[in-house]
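Coordinates as given in final.pdb (PDB, N, CA and C atoms and all ligand atoms):
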```pdb
MODEL        1
ATOM      1  N   MET A 203     203.912 257.060 172.611  1.00  0.00           N
ATOM      2  CA  MET A 203     202.814 257.589 171.811  1.00  0.00           C
ATOM      3  C   MET A 203     202.203 256.456 171.005  1.00  0.00           C
ATOM      4  N   ASN A 204     200.906 256.316 171.146  1.00  0.00           N
ATOM      5  CA  ASN A 204     200.219 255.257 170.413  1.00  0.00           C
ATOM      6  C   ASN A 204     199.709 255.788 169.076  1.00  0.00           C
ATOM      7  N   ASN A 205     200.253 255.275 168.020  1.00  0.00           N
ATOM      8  CA  ASN A 205     199.891 255.759 166.693  1.00  0.00           C
ATOM      9  C   ASN A 205     199.894 254.602 165.698  1.00  0.00           C
ATOM     10  N   PRO A 206     198.878 253.767 165.801  1.00  0.00           N
ATOM     11  CA  PRO A 206     198.871 252.581 164.925  1.00  0.00           C
ATOM     12  C   PRO A 206     198.554 252.931 163.480  1.00  0.00           C
ATOM     13  N   CYS A 207     199.047 252.102 162.600  1.00  0.00           N
ATOM     14  CA  CYS A 207     198.771 252.266 161.178  1.00  0.00           C
ATOM     15  C   CYS A 207     197.283 252.007 160.930  1.00  0.00           C
ATOM     16  N   VAL A 208     196.695 252.803 160.050  1.00  0.00           N
ATOM     17  CA  VAL A 208     195.266 252.637 159.773  1.00  0.00           C
ATOM     18  C   VAL A 208     194.955 251.323 159.059  1.00  0.00           C
ATOM     19  N   ARG A 209     195.935 250.786 158.352  1.00  0.00           N
ATOM     20  CA  ARG A 209     195.704 249.550 157.605  1.00  0.00           C
ATOM     21  C   ARG A 209     196.024 248.307 158.401  1.00  0.00           C
ATOM     22  N   CYS A 210     197.230 248.260 158.955  1.00  0.00           N
ATOM     23  CA  CYS A 210     197.672 246.998 159.550  1.00  0.00           C
ATOM     24  C   CYS A 210     197.792 247.078 161.075  1.00  0.00           C
ATOM     25  N   SER A 211     197.540 248.261 161.635  1.00  0.00           N
ATOM     26  CA  SER A 211     197.577 248.466 163.086  1.00  0.00           C
ATOM     27  C   SER A 211     198.958 248.295 163.708  1.00  0.00           C
ATOM     28  N   LYS A 212     199.988 248.216 162.867  1.00  0.00           N
ATOM     29  CA  LYS A 212     201.350 248.188 163.406  1.00  0.00           C
ATOM     30  C   LYS A 212     201.670 249.579 163.930  1.00  0.00           C
ATOM     31  N   GLN A 213     202.516 249.625 164.940  1.00  0.00           N
ATOM     32  CA  GLN A 213     202.910 250.927 165.474  1.00  0.00           C
ATOM     33  C   GLN A 213     203.701 251.697 164.419  1.00  0.00           C
ATOM     34  N   ARG A 214     203.245 252.898 164.126  1.00  0.00           N
ATOM     35  CA  ARG A 214     203.911 253.674 163.087  1.00  0.00           C
ATOM     36  C   ARG A 214     205.221 254.253 163.609  1.00  0.00           C
ATOM     37  N   ILE A 215     206.178 254.399 162.720  1.00  0.00           N
ATOM     38  CA  ILE A 215     207.482 254.926 163.096  1.00  0.00           C
ATOM     39  C   ILE A 215     207.668 256.319 162.491  1.00  0.00           C
ATOM     40  N   ASP A 216     208.607 257.061 163.043  1.00  0.00           N
ATOM     41  CA  ASP A 216     208.870 258.395 162.514  1.00  0.00           C
ATOM     42  C   ASP A 216     209.498 258.307 161.139  1.00  0.00           C
ATOM     43  N   GLY A 217     208.916 259.003 160.213  1.00  0.00           N
ATOM     44  CA  GLY A 217     209.481 259.081 158.884  1.00  0.00           C
ATOM     45  C   GLY A 217     210.351 260.312 158.820  1.00  0.00           C
ATOM     46  N   LYS A 218     209.977 261.232 157.960  1.00  0.00           N
ATOM     47  CA  LYS A 218     210.799 262.430 157.879  1.00  0.00           C
ATOM     48  C   LYS A 218     210.250 263.519 158.793  1.00  0.00           C
ATOM     49  N   THR A 219     211.158 264.364 159.231  1.00  0.00           N
ATOM     50  CA  THR A 219     210.750 265.536 159.992  1.00  0.00           C
ATOM     51  C   THR A 219     211.184 266.763 159.213  1.00  0.00           C
ATOM     52  N   TRP A 220     210.386 267.780 159.303  1.00  0.00           N
ATOM     53  CA  TRP A 220     210.758 269.019 158.634  1.00  0.00           C
ATOM     54  C   TRP A 220     210.227 270.193 159.434  1.00  0.00           C
ATOM     55  N   LYS A 221     210.829 271.330 159.214  1.00  0.00           N
ATOM     56  CA  LYS A 221     210.426 272.538 159.925  1.00  0.00           C
ATOM     57  C   LYS A 221     209.722 273.477 158.969  1.00  0.00           C
ATOM     58  N   GLU A 222     208.679 274.081 159.481  1.00  0.00           N
ATOM     59  CA  GLU A 222     207.943 275.033 158.662  1.00  0.00           C
ATOM     60  C   GLU A 222     207.681 276.275 159.470  1.00  0.00           C
ATOM     61  N   LYS A 223     207.759 277.378 158.809  1.00  0.00           N
ATOM     62  CA  LYS A 223     207.499 278.637 159.496  1.00  0.00           C
ATOM     63  C   LYS A 223     205.997 278.881 159.503  1.00  0.00           C
ATOM     64  N   VAL A 224     205.444 279.005 160.697  1.00  0.00           N
ATOM     65  CA  VAL A 224     204.023 279.297 160.836  1.00  0.00           C
ATOM     66  C   VAL A 224     203.916 280.614 161.580  1.00  0.00           C
ATOM     67  N   GLY A 225     203.581 281.655 160.855  1.00  0.00           N
ATOM     68  CA  GLY A 225     203.544 282.984 161.449  1.00  0.00           C
ATOM     69  C   GLY A 225     204.942 283.385 161.873  1.00  0.00           C
ATOM     70  N   ILE A 226     205.125 283.582 163.184  1.00  0.00           N
ATOM     71  CA  ILE A 226     206.445 283.994 163.657  1.00  0.00           C
ATOM     72  C   ILE A 226     207.217 282.839 164.271  1.00  0.00           C
ATOM     73  N   SER A 227     206.584 281.684 164.359  1.00  0.00           N
ATOM     74  CA  SER A 227     207.277 280.568 164.991  1.00  0.00           C
ATOM     75  C   SER A 227     207.585 279.453 164.001  1.00  0.00           C
ATOM     76  N   ILE A 228     208.573 278.671 164.349  1.00  0.00           N
ATOM     77  CA  ILE A 228     208.965 277.535 163.529  1.00  0.00           C
ATOM     78  C   ILE A 228     208.339 276.287 164.144  1.00  0.00           C
ATOM     79  N   VAL A 229     207.577 275.587 163.357  1.00  0.00           N
ATOM     80  CA  VAL A 229     206.932 274.377 163.843  1.00  0.00           C
ATOM     81  C   VAL A 229     207.615 273.173 163.214  1.00  0.00           C
ATOM     82  N   THR A 230     207.917 272.181 164.053  1.00  0.00           N
ATOM     83  CA  THR A 230     208.530 270.965 163.542  1.00  0.00           C
ATOM     84  C   THR A 230     207.445 269.930 163.297  1.00  0.00           C
ATOM     85  N   TYR A 231     207.381 269.438 162.106  1.00  0.00           N
ATOM     86  CA  TYR A 231     206.425 268.402 161.760  1.00  0.00           C
ATOM     87  C   TYR A 231     207.154 267.076 161.659  1.00  0.00           C
ATOM     88  N   THR A 232     206.505 266.041 162.124  1.00  0.00           N
ATOM     89  CA  THR A 232     207.052 264.706 161.951  1.00  0.00           C
ATOM     90  C   THR A 232     206.017 263.871 161.224  1.00  0.00           C
ATOM     91  N   MET A 233     206.428 263.282 160.148  1.00  0.00           N
ATOM     92  CA  MET A 233     205.525 262.421 159.420  1.00  0.00           C
ATOM     93  C   MET A 233     205.780 260.992 159.864  1.00  0.00           C
ATOM     94  N   THR A 234     204.756 260.358 160.354  1.00  0.00           N
ATOM     95  CA  THR A 234     204.931 258.969 160.755  1.00  0.00           C
ATOM     96  C   THR A 234     204.560 258.060 159.593  1.00  0.00           C
ATOM     97  N   ILE A 235     205.301 257.004 159.487  1.00  0.00           N
ATOM     98  CA  ILE A 235     205.042 256.048 158.415  1.00  0.00           C
ATOM     99  C   ILE A 235     204.913 254.649 158.992  1.00  0.00           C
ATOM    100  N   CYS A 236     204.310 253.792 158.210  1.00  0.00           N
ATOM    101  CA  CYS A 236     204.170 252.399 158.614  1.00  0.00           C
ATOM    102  C   CYS A 236     205.523 251.708 158.429  1.00  0.00           C
ATOM    103  N   PRO A 237     205.935 250.858 159.364  1.00  0.00           N
ATOM    104  CA  PRO A 237     207.207 250.153 159.201  1.00  0.00           C
ATOM    105  C   PRO A 237     207.204 249.211 157.997  1.00  0.00           C
ATOM    106  N   ASP A 238     206.017 248.871 157.550  1.00  0.00           N
ATOM    107  CA  ASP A 238     205.880 248.028 156.362  1.00  0.00           C
ATOM    108  C   ASP A 238     205.749 248.943 155.149  1.00  0.00           C
ATOM    109  N   SER A 239     206.788 248.984 154.321  1.00  0.00           N
ATOM    110  CA  SER A 239     206.803 249.955 153.221  1.00  0.00           C
ATOM    111  C   SER A 239     205.723 249.685 152.179  1.00  0.00           C
ATOM    112  N   THR A 240     205.375 248.439 151.990  1.00  0.00           N
ATOM    113  CA  THR A 240     204.310 248.107 151.039  1.00  0.00           C
ATOM    114  C   THR A 240     202.983 248.666 151.540  1.00  0.00           C
ATOM    115  N   CYS A 241     202.767 248.479 152.834  1.00  0.00           N
ATOM    116  CA  CYS A 241     201.556 248.990 153.464  1.00  0.00           C
ATOM    117  C   CYS A 241     201.538 250.516 153.397  1.00  0.00           C
ATOM    118  N   GLN A 242     202.673 251.127 153.675  1.00  0.00           N
ATOM    119  CA  GLN A 242     202.754 252.587 153.654  1.00  0.00           C
ATOM    120  C   GLN A 242     202.395 253.144 152.277  1.00  0.00           C
ATOM    121  N   LYS A 243     202.839 252.456 151.238  1.00  0.00           N
ATOM    122  CA  LYS A 243     202.531 252.898 149.876  1.00  0.00           C
ATOM    123  C   LYS A 243     201.022 252.888 149.642  1.00  0.00           C
ATOM    124  N   LEU A 244     200.367 251.861 150.142  1.00  0.00           N
ATOM    125  CA  LEU A 244     198.918 251.757 149.989  1.00  0.00           C
ATOM    126  C   LEU A 244     198.201 252.845 150.774  1.00  0.00           C
ATOM    127  N   VAL A 245     198.748 253.124 151.966  1.00  0.00           N
ATOM    128  CA  VAL A 245     198.173 254.185 152.797  1.00  0.00           C
ATOM    129  C   VAL A 245     198.317 255.527 152.087  1.00  0.00           C
ATOM    130  N   ASP A 246     199.515 255.771 151.546  1.00  0.00           N
ATOM    131  CA  ASP A 246     199.775 257.013 150.809  1.00  0.00           C
ATOM    132  C   ASP A 246     198.799 257.171 149.639  1.00  0.00           C
ATOM    133  N   LYS A 247     198.580 256.076 148.948  1.00  0.00           N
ATOM    134  CA  LYS A 247     197.688 256.078 147.803  1.00  0.00           C
ATOM    135  C   LYS A 247     196.263 256.426 148.244  1.00  0.00           C
ATOM    136  N   ALA A 248     195.830 255.803 149.324  1.00  0.00           N
ATOM    137  CA  ALA A 248     194.489 256.058 149.839  1.00  0.00           C
ATOM    138  C   ALA A 248     194.335 257.519 150.262  1.00  0.00           C
ATOM    139  N   ILE A 249     195.381 258.051 150.895  1.00  0.00           N
ATOM    140  CA  ILE A 249     195.347 259.452 151.323  1.00  0.00           C
ATOM    141  C   ILE A 249     195.269 260.368 150.109  1.00  0.00           C
ATOM    142  N   ALA A 250     196.074 260.068 149.092  1.00  0.00           N
ATOM    143  CA  ALA A 250     196.082 260.880 147.875  1.00  0.00           C
ATOM    144  C   ALA A 250     194.723 260.864 147.189  1.00  0.00           C
ATOM    145  N   GLU A 251     194.113 259.686 147.164  1.00  0.00           N
ATOM    146  CA  GLU A 251     192.795 259.566 146.546  1.00  0.00           C
ATOM    147  C   GLU A 251     191.748 260.355 147.314  1.00  0.00           C
ATOM    148  N   ARG A 252     191.835 260.282 148.645  1.00  0.00           N
ATOM    149  CA  ARG A 252     190.884 261.010 149.486  1.00  0.00           C
ATOM    150  C   ARG A 252     191.070 262.516 149.288  1.00  0.00           C
ATOM    151  N   GLN A 253     192.336 262.912 149.220  1.00  0.00           N
ATOM    152  CA  GLN A 253     192.661 264.328 149.025  1.00  0.00           C
ATOM    153  C   GLN A 253     192.080 264.832 147.706  1.00  0.00           C
ATOM    154  N   GLU A 254     192.223 264.000 146.688  1.00  0.00           N
ATOM    155  CA  GLU A 254     191.708 264.346 145.367  1.00  0.00           C
ATOM    156  C   GLU A 254     190.193 264.540 145.418  1.00  0.00           C
ATOM    157  N   LYS A 255     189.532 263.617 146.116  1.00  0.00           N
ATOM    158  CA  LYS A 255     188.084 263.683 146.244  1.00  0.00           C
ATOM    159  C   LYS A 255     187.669 264.946 146.993  1.00  0.00           C
ATOM    160  N   ASN A 256     188.393 265.239 148.077  1.00  0.00           N
ATOM    161  CA  ASN A 256     188.100 266.436 148.859  1.00  0.00           C
ATOM    162  C   ASN A 256     188.285 267.695 148.024  1.00  0.00           C
ATOM    163  N   ASP A 257     189.342 267.709 147.221  1.00  0.00           N
ATOM    164  CA  ASP A 257     189.598 268.853 146.350  1.00  0.00           C
ATOM    165  C   ASP A 257     188.447 269.066 145.390  1.00  0.00           C
ATOM    166  N   LEU A 258     187.990 267.954 144.845  1.00  0.00           N
ATOM    167  CA  LEU A 258     186.891 268.001 143.891  1.00  0.00           C
ATOM    168  C   LEU A 258     185.634 268.551 144.563  1.00  0.00           C
ATOM    169  N   ILE A 259     185.362 268.054 145.780  1.00  0.00           N
ATOM    170  CA  ILE A 259     184.181 268.501 146.521  1.00  0.00           C
ATOM    171  C   ILE A 259     184.275 269.989 146.829  1.00  0.00           C
ATOM    172  N   SER A 260     185.452 270.440 147.290  1.00  0.00           N
ATOM    173  CA  SER A 260     185.568 271.856 147.636  1.00  0.00           C
ATOM    174  C   SER A 260     185.497 272.741 146.400  1.00  0.00           C
ATOM    175  N   LYS A 261     186.013 272.224 145.277  1.00  0.00           N
ATOM    176  CA  LYS A 261     185.904 272.988 144.031  1.00  0.00           C
ATOM    177  C   LYS A 261     184.447 273.138 143.624  1.00  0.00           C
ATOM    178  N   LYS A 262     183.697 272.052 143.783  1.00  0.00           N
ATOM    179  CA  LYS A 262     182.273 272.080 143.454  1.00  0.00           C
ATOM    180  C   LYS A 262     181.534 273.054 144.363  1.00  0.00           C
ATOM    181  N   LYS A 263     181.912 273.034 145.642  1.00  0.00           N
ATOM    182  CA  LYS A 263     181.280 273.930 146.614  1.00  0.00           C
ATOM    183  C   LYS A 263     181.539 275.382 146.242  1.00  0.00           C
ATOM    184  N   ILE A 264     182.773 275.679 145.890  1.00  0.00           N
ATOM    185  CA  ILE A 264     183.142 277.047 145.517  1.00  0.00           C
ATOM    186  C   ILE A 264     182.364 277.466 144.268  1.00  0.00           C
ATOM    187  N   ALA A 265     182.289 276.557 143.309  1.00  0.00           N
ATOM    188  CA  ALA A 265     181.560 276.846 142.069  1.00  0.00           C
ATOM    189  C   ALA A 265     180.091 277.121 142.370  1.00  0.00           C
ATOM    190  N   ALA A 266     179.515 276.309 143.257  1.00  0.00           N
ATOM    191  CA  ALA A 266     178.108 276.483 143.622  1.00  0.00           C
ATOM    192  C   ALA A 266     177.894 277.815 144.326  1.00  0.00           C
ATOM    193  N   LYS A 267     178.845 278.183 145.168  1.00  0.00           N
ATOM    194  CA  LYS A 267     178.762 279.439 145.904  1.00  0.00           C
ATOM    195  C   LYS A 267     178.818 280.624 144.937  1.00  0.00           C
ATOM    196  N   LEU A 268     179.740 280.545 143.988  1.00  0.00           N
ATOM    197  CA  LEU A 268     179.866 281.611 142.995  1.00  0.00           C
ATOM    198  C   LEU A 268     178.585 281.735 142.182  1.00  0.00           C
ATOM    199  N   GLU A 269     178.030 280.577 141.867  1.00  0.00           N
ATOM    200  CA  GLU A 269     176.795 280.533 141.097  1.00  0.00           C
ATOM    201  C   GLU A 269     175.672 281.244 141.853  1.00  0.00           C
ATOM    202  N   ARG A 270     175.584 280.935 143.148  1.00  0.00           N
ATOM    203  CA  ARG A 270     174.555 281.563 143.987  1.00  0.00           C
ATOM    204  C   ARG A 270     174.751 283.073 144.044  1.00  0.00           C
ATOM    205  N   GLU A 271     176.010 283.458 144.245  1.00  0.00           N
ATOM    206  CA  GLU A 271     176.304 284.887 144.363  1.00  0.00           C
ATOM    207  C   GLU A 271     175.942 285.618 143.079  1.00  0.00           C
ATOM    208  N   ARG A 272     176.242 284.946 141.963  1.00  0.00           N
ATOM    209  CA  ARG A 272     175.938 285.538 140.667  1.00  0.00           C
ATOM    210  C   ARG A 272     174.422 285.692 140.516  1.00  0.00           C
ATOM    211  N   ALA A 273     173.681 284.673 140.953  1.00  0.00           N
ATOM    212  CA  ALA A 273     172.235 284.703 140.868  1.00  0.00           C
ATOM    213  C   ALA A 273     171.678 285.863 141.688  1.00  0.00           C
ATOM    214  N   VAL A 274     172.260 286.084 142.851  1.00  0.00           N
ATOM    215  CA  VAL A 274     171.815 287.172 143.731  1.00  0.00           C
ATOM    216  C   VAL A 274     172.119 288.525 143.072  1.00  0.00           C
ATOM    217  N   ALA A 275     173.295 288.610 142.468  1.00  0.00           N
ATOM    218  CA  ALA A 275     173.706 289.859 141.848  1.00  0.00           C
ATOM    219  C   ALA A 275     172.809 290.240 140.683  1.00  0.00           C
ATOM    220  N   VAL A 276     172.354 289.220 139.953  1.00  0.00           N
ATOM    221  CA  VAL A 276     171.510 289.456 138.775  1.00  0.00           C
ATOM    222  C   VAL A 276     170.112 289.906 139.182  1.00  0.00           C
ATOM    223  N   SER A 277     169.533 289.239 140.209  1.00  0.00           N
ATOM    224  CA  SER A 277     168.147 289.533 140.585  1.00  0.00           C
ATOM    225  C   SER A 277     168.006 290.860 141.311  1.00  0.00           C
TER     226      SER A 277
HETATM  227 ZN    ZN A 301     200.633 249.539 157.918  1.00  0.00          ZN
ENDMDL
END
```

Can the structure in the file be given as structure tokens, please?
Amino acid sequence: MNNPCVRCSKQRIDGKTWKEKVGISIVTYTMTICPDSTCQKLVDKAIAERQEKNDLISKKKIAAKLERERAVAVS
């Protein structure tokens, strides 16, 4: 499986695996990590920052949607 690191292009290795119940089936997830732990930390940080930004955007979207709905309800 070809899964290079987004930062250094090294082949990523399996990190932790865990099982999660999805509906009626158990799905096994494997998190791949960069073999370079310093690089992996930076990747994690970048992912966390992106996630934060996405959360902010979706919160804004929800707020805007509520605002629109409220406007419709009033008129
Ligand atoms: Zn890397």

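Once only N, CA and C atoms and all ligand atoms are used for the distance check, the residues close to ligand ZN 301 (chain A) at 8 Å turn out to be Pro206, Cys207, Val208, Arg209, Cys210, Ser211, Lys212, Gln213, Arg214, Ile235, Cys236, Pro237, Asp238, Ser239, Thr240, Cys241, Gln242, Lys243 and Val245 of chain A.
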
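Straight-line separation from atom CA of A:Ile215 to atom CA of A:Asp246: 14.7 Å.
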
Members of chain A assigned helix (DSSP H, G or I) by DSSP, as number ranges by chain
A: 239-276

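Straight-line separation from atom CA of A:Ala250 to atom N of A:Ile228: 27.3 Å.
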